[in-house]
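Pasting model23.cif here (mmCIF, C-alpha atoms):
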data_coords
#
loop_
_atom_site.label_atom_id
_atom_site.label_comp_id
_atom_site.auth_asym_id
_atom_site.auth_seq_id
_atom_site.Cartn_x
_atom_site.Cartn_y
_atom_site.Cartn_z
CA MET A 1 56.60 -27.73 -188.51
CA TYR A 2 53.00 -27.04 -189.52
CA LYS A 3 52.44 -25.24 -192.81
CA LYS A 4 49.42 -23.93 -194.67
CA MET A 5 49.85 -24.85 -198.32
CA ARG A 6 47.91 -24.11 -201.52
CA LEU A 7 47.66 -27.40 -203.46
CA ALA A 8 45.89 -28.76 -206.52
CA ASP A 9 44.52 -32.23 -207.26
CA THR A 10 41.80 -34.11 -209.13
CA VAL A 11 39.12 -35.95 -207.18
CA ARG A 12 36.31 -38.28 -208.12
CA ILE A 13 32.83 -37.48 -206.83
CA ALA A 14 30.86 -40.70 -206.34
CA PRO A 15 27.37 -40.90 -207.91
CA GLU A 16 25.64 -40.81 -204.51
CA LEU A 17 27.26 -37.42 -203.75
CA LEU A 18 26.36 -35.72 -207.04
CA GLY A 19 23.21 -34.25 -205.48
CA ASP A 20 25.28 -32.27 -202.95
CA PRO A 21 26.71 -28.79 -203.68
CA VAL A 22 29.82 -29.30 -205.83
CA GLU A 23 32.22 -27.50 -203.46
CA ALA A 24 31.00 -29.51 -200.46
CA ALA A 25 31.29 -32.78 -202.39
CA VAL A 26 34.82 -31.89 -203.56
CA ASN A 27 35.83 -30.95 -200.00
CA HIS A 28 34.54 -34.31 -198.74
CA ALA A 29 36.36 -36.21 -201.51
CA LEU A 30 39.62 -34.35 -200.81
CA ARG A 31 39.45 -35.21 -197.11
CA ASP A 32 38.86 -38.88 -197.86
CA LYS A 33 41.69 -38.99 -200.40
CA LEU A 34 44.40 -36.86 -198.81
CA GLU A 35 44.08 -36.53 -195.04
CA GLY A 36 46.68 -38.81 -193.45
CA LEU A 37 48.68 -39.02 -196.69
CA VAL A 38 52.47 -38.64 -196.39
CA ASP A 39 54.44 -37.03 -199.21
CA LYS A 40 58.19 -36.40 -199.09
CA ARG A 41 57.78 -32.93 -200.62
CA ILE A 42 54.95 -31.55 -198.49
CA GLY A 43 55.03 -33.88 -195.47
CA ALA A 44 51.90 -35.31 -193.84
CA VAL A 45 48.52 -33.86 -194.79
CA VAL A 46 46.78 -33.10 -191.51
CA ALA A 47 43.58 -31.43 -192.74
CA ILE A 48 41.88 -29.93 -195.78
CA LEU A 49 41.03 -26.37 -194.74
CA ASP A 50 38.94 -25.04 -197.62
CA VAL A 51 38.42 -25.33 -201.35
CA ALA A 52 39.58 -22.25 -203.28
CA GLU A 53 38.50 -23.21 -206.80
CA VAL A 54 36.73 -26.07 -208.57
CA GLY A 55 37.05 -26.62 -212.31
CA GLU A 56 34.49 -28.08 -214.68
CA GLY A 57 33.59 -31.68 -214.09
CA HIS A 58 34.42 -34.40 -216.58
CA ILE A 59 33.40 -38.02 -216.88
CA LEU A 60 35.00 -41.22 -218.08
CA ALA A 61 33.25 -43.88 -220.14
CA GLY A 62 31.87 -46.63 -217.94
CA ASP A 63 32.39 -44.60 -214.72
CA GLY A 64 29.36 -43.18 -212.93
CA GLY A 65 31.41 -40.63 -211.01
CA VAL A 66 32.44 -37.12 -212.02
CA TYR A 67 36.04 -35.88 -211.85
CA TYR A 68 36.87 -32.33 -210.76
CA ASP A 69 40.16 -30.44 -210.75
CA ALA A 70 40.37 -28.49 -207.50
CA THR A 71 42.65 -25.93 -205.89
CA PHE A 72 42.54 -25.98 -202.11
CA ASP A 73 44.30 -25.02 -198.88
CA ALA A 74 45.67 -27.76 -196.64
CA LEU A 75 47.37 -27.93 -193.27
CA THR A 76 50.50 -30.07 -193.51
CA PHE A 77 53.20 -31.16 -191.11
CA ILE A 78 56.77 -31.73 -192.26
CA PRO A 79 59.57 -32.49 -189.77
CA ASP A 80 62.61 -30.32 -190.47
CA MET A 81 66.15 -31.36 -189.58
CA GLN A 82 67.45 -29.66 -186.40
CA GLU A 83 63.97 -28.41 -185.53
CA ILE A 84 63.23 -28.39 -181.78
CA MET A 85 59.92 -29.95 -180.77
CA GLU A 86 58.00 -30.08 -177.50
CA ALA A 87 55.62 -33.00 -177.15
CA ASN A 88 54.41 -35.80 -174.88
CA VAL A 89 55.84 -39.28 -174.54
CA VAL A 90 53.33 -41.73 -176.06
CA GLU A 91 55.20 -45.02 -175.58
CA VAL A 92 58.17 -46.32 -173.60
CA VAL A 93 60.14 -49.35 -174.79
CA GLU A 94 63.45 -50.91 -173.81
CA PHE A 95 65.38 -49.12 -176.55
CA GLY A 96 63.90 -45.64 -176.07
CA VAL A 97 60.79 -43.47 -175.96
CA PHE A 98 58.36 -42.47 -178.71
CA ILE A 99 56.97 -38.95 -178.64
CA GLY A 100 54.03 -37.64 -180.66
CA ILE A 101 55.06 -34.83 -182.99
CA GLY A 102 52.17 -33.69 -185.10
CA PRO A 103 50.52 -36.65 -186.85
CA LEU A 104 53.73 -38.73 -186.63
CA ASP A 105 55.77 -40.33 -183.85
CA GLY A 106 59.47 -39.74 -183.29
CA LEU A 107 61.94 -41.96 -181.45
CA VAL A 108 64.44 -40.85 -178.83
CA HIS A 109 66.83 -43.81 -178.63
CA VAL A 110 68.28 -44.56 -175.18
CA SER A 111 71.67 -43.46 -176.49
CA GLN A 112 70.16 -40.02 -177.22
CA LEU A 113 68.19 -39.73 -173.99
CA THR A 114 70.88 -38.61 -171.55
CA ASP A 115 74.59 -38.90 -170.82
CA GLU A 116 73.83 -41.33 -167.98
CA TYR A 117 73.35 -45.09 -168.23
CA VAL A 118 69.64 -45.87 -168.66
CA SER A 119 67.76 -48.99 -167.52
CA TYR A 120 64.27 -50.16 -168.47
CA ASP A 121 61.63 -50.69 -165.79
CA GLU A 122 59.18 -52.92 -167.65
CA LYS A 123 56.76 -53.25 -164.73
CA ASN A 124 56.18 -49.49 -164.52
CA SER A 125 56.84 -48.83 -168.24
CA ARG A 126 59.58 -46.26 -167.68
CA LEU A 127 63.26 -45.61 -168.25
CA ILE A 128 65.47 -44.70 -165.29
CA THR A 129 68.90 -43.06 -165.22
CA LYS A 130 71.46 -44.88 -163.09
CA GLU A 131 73.34 -42.00 -161.42
CA SER A 132 70.57 -39.48 -160.67
CA GLY A 133 67.60 -41.85 -160.60
CA LYS A 134 65.54 -39.66 -162.95
CA SER A 135 62.72 -41.39 -164.80
CA ILE A 136 60.69 -40.83 -167.94
CA THR A 137 57.34 -42.42 -168.74
CA VAL A 138 54.19 -42.06 -170.85
CA GLY A 139 52.64 -38.61 -170.60
CA ASP A 140 55.86 -36.78 -169.70
CA HIS A 141 56.40 -33.53 -171.62
CA VAL A 142 59.80 -33.33 -173.31
CA ARG A 143 61.83 -31.08 -175.57
CA ALA A 144 63.86 -32.76 -178.32
CA ARG A 145 65.72 -31.94 -181.53
CA ILE A 146 65.09 -33.72 -184.85
CA ILE A 147 68.29 -35.37 -186.11
CA ALA A 148 66.99 -37.86 -188.71
CA VAL A 149 63.97 -37.97 -191.03
CA SER A 150 62.82 -40.80 -193.30
CA LEU A 151 59.25 -40.46 -194.58
CA ASN A 152 57.51 -43.51 -196.05
CA GLU A 153 54.89 -42.49 -198.60
CA ARG A 154 53.46 -45.99 -199.09
CA GLU A 155 53.30 -46.86 -195.39
CA PRO A 156 53.09 -43.61 -193.38
CA ARG A 157 53.23 -45.53 -190.08
CA ASP A 158 56.67 -46.81 -191.07
CA SER A 159 58.05 -43.28 -191.35
CA LYS A 160 61.05 -42.81 -189.06
CA ILE A 161 61.94 -39.62 -187.18
CA GLY A 162 64.99 -39.70 -184.94
CA LEU A 163 65.40 -37.22 -182.07
CA THR A 164 67.95 -36.34 -179.41
CA MET A 165 67.55 -34.98 -175.88
CA ARG A 166 71.26 -34.93 -174.98
CA GLN A 167 72.03 -31.36 -175.99
CA HIS A 168 71.79 -28.27 -173.78
CA ALA A 169 68.25 -27.21 -172.74
CA LEU A 170 66.72 -30.43 -174.11
CA GLY A 171 65.08 -33.30 -172.25
CA LYS A 172 62.17 -33.80 -169.91
CA LEU A 173 60.90 -30.34 -168.95
CA GLU A 174 61.24 -31.10 -165.22
CA TRP A 175 64.91 -31.99 -165.78
CA ILE A 176 65.50 -28.72 -167.65
CA GLU A 177 63.90 -26.69 -164.85
CA GLU A 178 65.91 -28.51 -162.18
CA ALA A 179 69.13 -27.82 -164.10
CA ARG A 180 68.19 -24.13 -164.46
CA LEU A 181 67.49 -23.71 -160.75
CA SER A 182 70.70 -25.53 -159.86
CA LEU A 183 72.69 -23.26 -162.19
CA GLU A 184 71.12 -20.12 -160.72
CA LYS A 185 71.90 -21.37 -157.22
CA ASP A 186 75.53 -22.02 -158.13
CA LYS A 187 75.82 -18.59 -159.76
CA GLY A 188 74.42 -17.01 -156.61
CA LYS A 189 77.01 -18.75 -154.48
CA VAL A 190 79.83 -17.60 -156.75
CA LYS A 191 78.51 -14.03 -156.70
CA ASP A 192 78.21 -14.00 -152.92
CA LYS A 193 81.72 -15.38 -152.61
CA ALA A 194 83.13 -12.79 -155.02
CA THR A 195 81.41 -9.75 -153.47
CA GLY A 196 81.52 -10.77 -149.81
CA LYS A 197 83.65 -8.60 -147.48
CA LYS A 198 86.19 -10.10 -145.18
CA LYS A 199 85.43 -9.58 -141.55
CA GLU A 200 87.79 -7.13 -139.84
CA LYS A 201 89.70 -8.49 -136.93
CA LYS A 202 89.15 -6.62 -133.71
CA PRO A 203 92.37 -5.42 -132.04
CA ALA A 204 93.25 -7.39 -128.96
CA GLU A 205 92.55 -5.54 -125.74
CA SER A 206 95.73 -4.62 -123.88
CA GLY A 207 95.77 -5.69 -120.26
CA GLU A 208 96.55 -3.11 -117.52
CA SER A 209 99.45 -3.83 -115.22
CA ALA A 210 98.78 -3.86 -111.46
#

Structure rendered as C-alpha cells:
Amino acid sequence: MYKKMRLADTVRIAPELLGDPVEAAVNHALRDKLEGLVDKRIGAVVAILDVAEVGEGHILAGDGGVYYDATFDALTFIPDMQEIMEANVVEVVEFGVFIGIGPLDGLVHVSQLTDEYVSYDEKNSRLITKESGKSITVGDHVRARIIAVSLNEREPRDSKIGLTMRQHALGKLEWIEEARLSLEKDKGKVKDKATGKKKEKKPAESGESA
C-alpha cells in the first residue's frame, strides 16, 4: 500500500546548485538520491513530497559541495502480505502474467491464475483457459492477492512479488462480474422454484347420460 512517511537523511548539494534557495536545492538532491530507491523497511520511494526542515550545512575537506541534514515527507509503496490489489496486466509470458502494482511489478504464475488448465498463445500474447476459453492479455484489469514478497535493495528491478487470482472474488474483473451474474441467476431460479405454487388440477367434467 501507499504510505506518507516522515523521513530524515543527509544530502550533498553540488557546487552548481549552491546559488539556489537551500530548501529547493535540498528537495532536488533528495529526489535524485531517493526516488526509485527500494528499502526493506519502508518499501519503494515513489516521490519526495516536501521538505519539512533543513539543518545547517557542513563541508568536507577537498569537497566543493555542501552537506545538509534534512527532514522530509515522502510517498512510499510497500507491498503487504495478503493485501488485495487491483491493477493492469503489463506483460504476458508462458509462465504467467505480470501486473503493475505501484512502482513494482508482481507475477501471477499460471498455477495461481485459475483452477483450469492454461495454455499460452504466443502469437496474440495471451493466456487461455482450456475449459471455458477465457483469455487474459496486456491491458486487462485484474484483482489479485499478494502471497509472497522479496524486495531487492541493490537491484530494485529484481524484487519479486508473488500474487494469486485463484481465491474467491479474485481474477480478471470481467470474470468476477460474469461469476456474480451467474450466481444471481442461479439464486433467482432456486427462489422461484421454492416459492412457486403448484397448479391446481381442474376437476374432470362429468358426462351426462342420454

(message) Which residue is closest to Ser111 in chain A? Choose from A:Arg143, A:Lys134, A:Arg126, A:Arg166 and count only C-alpha atoms.
(response)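 Residue with the minimum atom-to-atom distance to Ser111 in chain A: A:Arg166.
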
(request) Take CA of Phe98 in chain A and CA of Arg180 in chain A and report the distance between them in Å, one decimal. (result)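 Answer for the CA of Phe98 in chain A to CA of Arg180 in chain A separation: 25.2 Å.
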
(request) Taking the file as shown, find all residues satisfying the PyMOL selection byres ((chain A and resi 22) around 12) and write them as an MDAnalysis selection string. (result) chainID A and resid 11:14 17:21 23:29 51 53:57 66:70

Using only C-alpha atoms, I'd like a table of the residues in range 133-203 of chain A that come within 12 Å of range 82-89 of chain A; for each, show the closest atom pair and its distance in Å rounded to one decimal, ordered by chain and ascending number, as a Markdown table.
| residue | atom | partner | partner_atom | distance |
| --- | --- | --- | --- | --- |
| A:Ile136 | CA | A:Val89 | CA | 8.3 |
| A:Thr137 | CA | A:Val89 | CA | 6.8 |
| A:Val138 | CA | A:Val89 | CA | 4.9 |
| A:Gly139 | CA | A:Val89 | CA | 5.1 |
| A:Asp140 | CA | A:Val89 | CA | 5.4 |
| A:His141 | CA | A:Asn88 | CA | 4.4 |
| A:Val142 | CA | A:Glu86 | CA | 5.6 |
| A:Arg143 | CA | A:Glu86 | CA | 4.4 |
| A:Ala144 | CA | A:Met85 | CA | 5.4 |
| A:Arg145 | CA | A:Ile84 | CA | 4.3 |
| A:Ile146 | CA | A:Gln82 | CA | 4.9 |
| A:Ile147 | CA | A:Gln82 | CA | 5.8 |
| A:Ala148 | CA | A:Gln82 | CA | 8.5 |
| A:Val149 | CA | A:Gln82 | CA | 10.1 |
| A:Ile161 | CA | A:Gln82 | CA | 11.4 |
| A:Gly162 | CA | A:Gln82 | CA | 10.4 |
| A:Leu163 | CA | A:Gln82 | CA | 9.0 |
| A:Thr164 | CA | A:Ile84 | CA | 9.5 |
| A:Met165 | CA | A:Ile84 | CA | 9.8 |
| A:Gln167 | CA | A:Ile84 | CA | 10.9 |
| A:His168 | CA | A:Ile84 | CA | 11.7 |
| A:Ala169 | CA | A:Ile84 | CA | 10.4 |
| A:Leu170 | CA | A:Ile84 | CA | 8.7 |
| A:Gly171 | CA | A:Glu86 | CA | 9.4 |
| A:Lys172 | CA | A:Glu86 | CA | 9.4 |
| A:Leu173 | CA | A:Glu86 | CA | 9.0 |

(message) Can you translate the PyMOL selection byres ((chain A and resi 110) around 6) into the concrete residues it hits in this file, as a list in words?
(response)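 Here the PyMOL selection byres ((chain A and resi 110) around 6) matches Phe95, Gly96, His109, Ser111, Gln112 and Leu113 of chain A.
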
(message) I want to know what sits within 12 Å of Phe77 in chain A, based on all atoms listed in the file, with residues of the same chain fewer than 2 positions away left out; could you give that as number ranges by chain?
(response) A: 1-5, 35-47, 74-75, 79-80, 101-105, 151

Go ahead and write the selection's residues with C-alpha atoms as a PDB file, in the coordinates of the input.
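File written: again-v7.pdb
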ATOM      1  CA  MET A   1      56.600 -27.730-188.510  1.00  0.00           C
ATOM      2  CA  TYR A   2      53.000 -27.040-189.520  1.00  0.00           C
ATOM      3  CA  LYS A   3      52.440 -25.240-192.810  1.00  0.00           C
ATOM      4  CA  LYS A   4      49.420 -23.930-194.670  1.00  0.00           C
ATOM      5  CA  MET A   5      49.850 -24.850-198.320  1.00  0.00           C
ATOM      6  CA  GLU A  35      44.080 -36.530-195.040  1.00  0.00           C
ATOM      7  CA  GLY A  36      46.680 -38.810-193.450  1.00  0.00           C
ATOM      8  CA  LEU A  37      48.680 -39.020-196.690  1.00  0.00           C
ATOM      9  CA  VAL A  38      52.470 -38.640-196.390  1.00  0.00           C
ATOM     10  CA  ASP A  39      54.440 -37.030-199.210  1.00  0.00           C
ATOM     11  CA  LYS A  40      58.190 -36.400-199.090  1.00  0.00           C
ATOM     12  CA  ARG A  41      57.780 -32.930-200.620  1.00  0.00           C
ATOM     13  CA  ILE A  42      54.950 -31.550-198.490  1.00  0.00           C
ATOM     14  CA  GLY A  43      55.030 -33.880-195.470  1.00  0.00           C
ATOM     15  CA  ALA A  44      51.900 -35.310-193.840  1.00  0.00           C
ATOM     16  CA  VAL A  45      48.520 -33.860-194.790  1.00  0.00           C
ATOM     17  CA  VAL A  46      46.780 -33.100-191.510  1.00  0.00           C
ATOM     18  CA  ALA A  47      43.580 -31.430-192.740  1.00  0.00           C
ATOM     19  CA  ALA A  74      45.670 -27.760-196.640  1.00  0.00           C
ATOM     20  CA  LEU A  75      47.370 -27.930-193.270  1.00  0.00           C
ATOM     21  CA  PRO A  79      59.570 -32.490-189.770  1.00  0.00           C
ATOM     22  CA  ASP A  80      62.610 -30.320-190.470  1.00  0.00           C
ATOM     23  CA  ILE A 101      55.060 -34.830-182.990  1.00  0.00           C
ATOM     24  CA  GLY A 102      52.170 -33.690-185.100  1.00  0.00           C
ATOM     25  CA  PRO A 103      50.520 -36.650-186.850  1.00  0.00           C
ATOM     26  CA  LEU A 104      53.730 -38.730-186.630  1.00  0.00           C
ATOM     27  CA  ASP A 105      55.770 -40.330-183.850  1.00  0.00           C
ATOM     28  CA  LEU A 151      59.250 -40.460-194.580  1.00  0.00           C
TER      29      LEU A 151
END

(request) Record the distance separating CA of Glu153 in chain A and CA of Leu30 in chain A, expressed in Å with one decimal. (result)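 Answer for the CA of Glu153 in chain A to CA of Leu30 in chain A separation: 17.4 Å.
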
Once the PyMOL selection byres ((chain A and resi 120) around 12) is applied to the coordinates I shared, what remains selected? I want it as a compact mmCIF listing (two decimals) with C-alpha atoms, in the frame of the given file.
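Output file selection.txt follows:
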# COMPACT_ATOMS: atom_id res chain seq x y z
CA VAL A 92 58.17 -46.32 -173.60
CA VAL A 93 60.14 -49.35 -174.79
CA GLU A 94 63.45 -50.91 -173.81
CA PHE A 95 65.38 -49.12 -176.55
CA GLY A 96 63.90 -45.64 -176.07
CA VAL A 97 60.79 -43.47 -175.96
CA VAL A 110 68.28 -44.56 -175.18
CA TYR A 117 73.35 -45.09 -168.23
CA VAL A 118 69.64 -45.87 -168.66
CA SER A 119 67.76 -48.99 -167.52
CA ASP A 121 61.63 -50.69 -165.79
CA GLU A 122 59.18 -52.92 -167.65
CA LYS A 123 56.76 -53.25 -164.73
CA ASN A 124 56.18 -49.49 -164.52
CA SER A 125 56.84 -48.83 -168.24
CA ARG A 126 59.58 -46.26 -167.68
CA LEU A 127 63.26 -45.61 -168.25
CA ILE A 128 65.47 -44.70 -165.29
CA THR A 129 68.90 -43.06 -165.22
CA LYS A 130 71.46 -44.88 -163.09
CA GLY A 133 67.60 -41.85 -160.60
CA LYS A 134 65.54 -39.66 -162.95
CA SER A 135 62.72 -41.39 -164.80
CA ILE A 136 60.69 -40.83 -167.94
CA THR A 137 57.34 -42.42 -168.74
